[in-house]
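Peer 1: Dropping the structure in here first, questions after.
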Amino acid sequence: MKFLLRSDDVTQRCASAKALGEARDVGALLVLVDIISDEEEAEEVHKAAREALHEMSLHSRKHHDVIADLELNIE
């Protein structure tokens, strides 16, 4: 999560967001939401964070509804 929050490199932030989605770390939900909500963040990173949330929702029955609600309400 540190790369996602601190790196100046867009490619690293995108890769970090993707890795969080693949790891299905529910603790990363708020970090991903913050990244998506950040109007100053690069569009590529927004997209990677959205994809990470979607990946998590596909594989987490327990949190699927919460993640789906987040996906619908983030802009």
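Every chain in the structure tokens takes a letter, A first, then B, and so on in the order presented; its residues are numbered from 1, and the ligands are numbered from 1 following the presented order.
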Residues near region 65-67 of chain A, anyone? I mean within 8 Å using only C-alpha atoms, not counting same-chain ones fewer than 3 positions away, as JSON, numbers by chain.
Peer 2: {"A": [29, 53, 54, 56, 57, 61, 62, 70, 71]}
Peer 1: Extract the full set of alpha helix (DSSP H) residues from chain A according to DSSP on the backbone, and format it as number ranges by chain.
Peer 2: A: 2-6, 10-23, 29-37, 43-59, 64-73
Peer 1: From the set A:Ser7, A:Asn73, A:Ser37, A:Ser60, which residue has the shortest atom-to-atom contact distance to Arg24 (chain A), counting only C-alpha atoms?
Peer 2: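 Looking only at the distances to Arg24 (chain A), the closest residue turns out to be A:Ser60.
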Peer 1: Quick one: residues within 10 Å of Lys47 (chain A), only C-alpha atoms counted, chain neighbours fewer than 2 positions away excluded, as a PDB file with C-alpha atoms, in the first residue's frame?
Peer 2:
ATOM      1  CA  CYS A  14      -1.191   1.304 -10.953  1.00  0.00           C
ATOM      2  CA  ALA A  17      -3.562  -1.007  -6.956  1.00  0.00           C
ATOM      3  CA  LYS A  18      -3.732  -4.095  -9.167  1.00  0.00           C
ATOM      4  CA  ILE A  35      -7.452   6.956  -4.576  1.00  0.00           C
ATOM      5  CA  ILE A  36     -10.539   6.812  -6.784  1.00  0.00           C
ATOM      6  CA  ALA A  42      -3.970  10.185 -12.625  1.00  0.00           C
ATOM      7  CA  GLU A  43      -6.808   8.570 -14.582  1.00  0.00           C
ATOM      8  CA  GLU A  44      -4.711   5.412 -15.069  1.00  0.00           C
ATOM      9  CA  VAL A  45      -4.472   4.997 -11.296  1.00  0.00           C
ATOM     10  CA  ALA A  49      -8.105   1.117  -8.363  1.00  0.00           C
ATOM     11  CA  ARG A  50     -11.602   0.593  -9.821  1.00  0.00           C
ATOM     12  CA  GLU A  51     -10.457  -2.669 -11.388  1.00  0.00           C
ATOM     13  CA  ALA A  52      -8.944  -3.721  -8.057  1.00  0.00           C
ATOM     14  CA  LEU A  53     -12.269  -3.109  -6.301  1.00  0.00           C
TER      15      LEU A  53
END
Peer 1: So which one's closest to Arg13 (chain A), A:Val31, A:Leu58, A:Ile74, A:Ala48? Using only C-alpha atoms, please.
Peer 2: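 Residue with the minimum atom-to-atom distance to Arg13 (chain A): A:Ala48.
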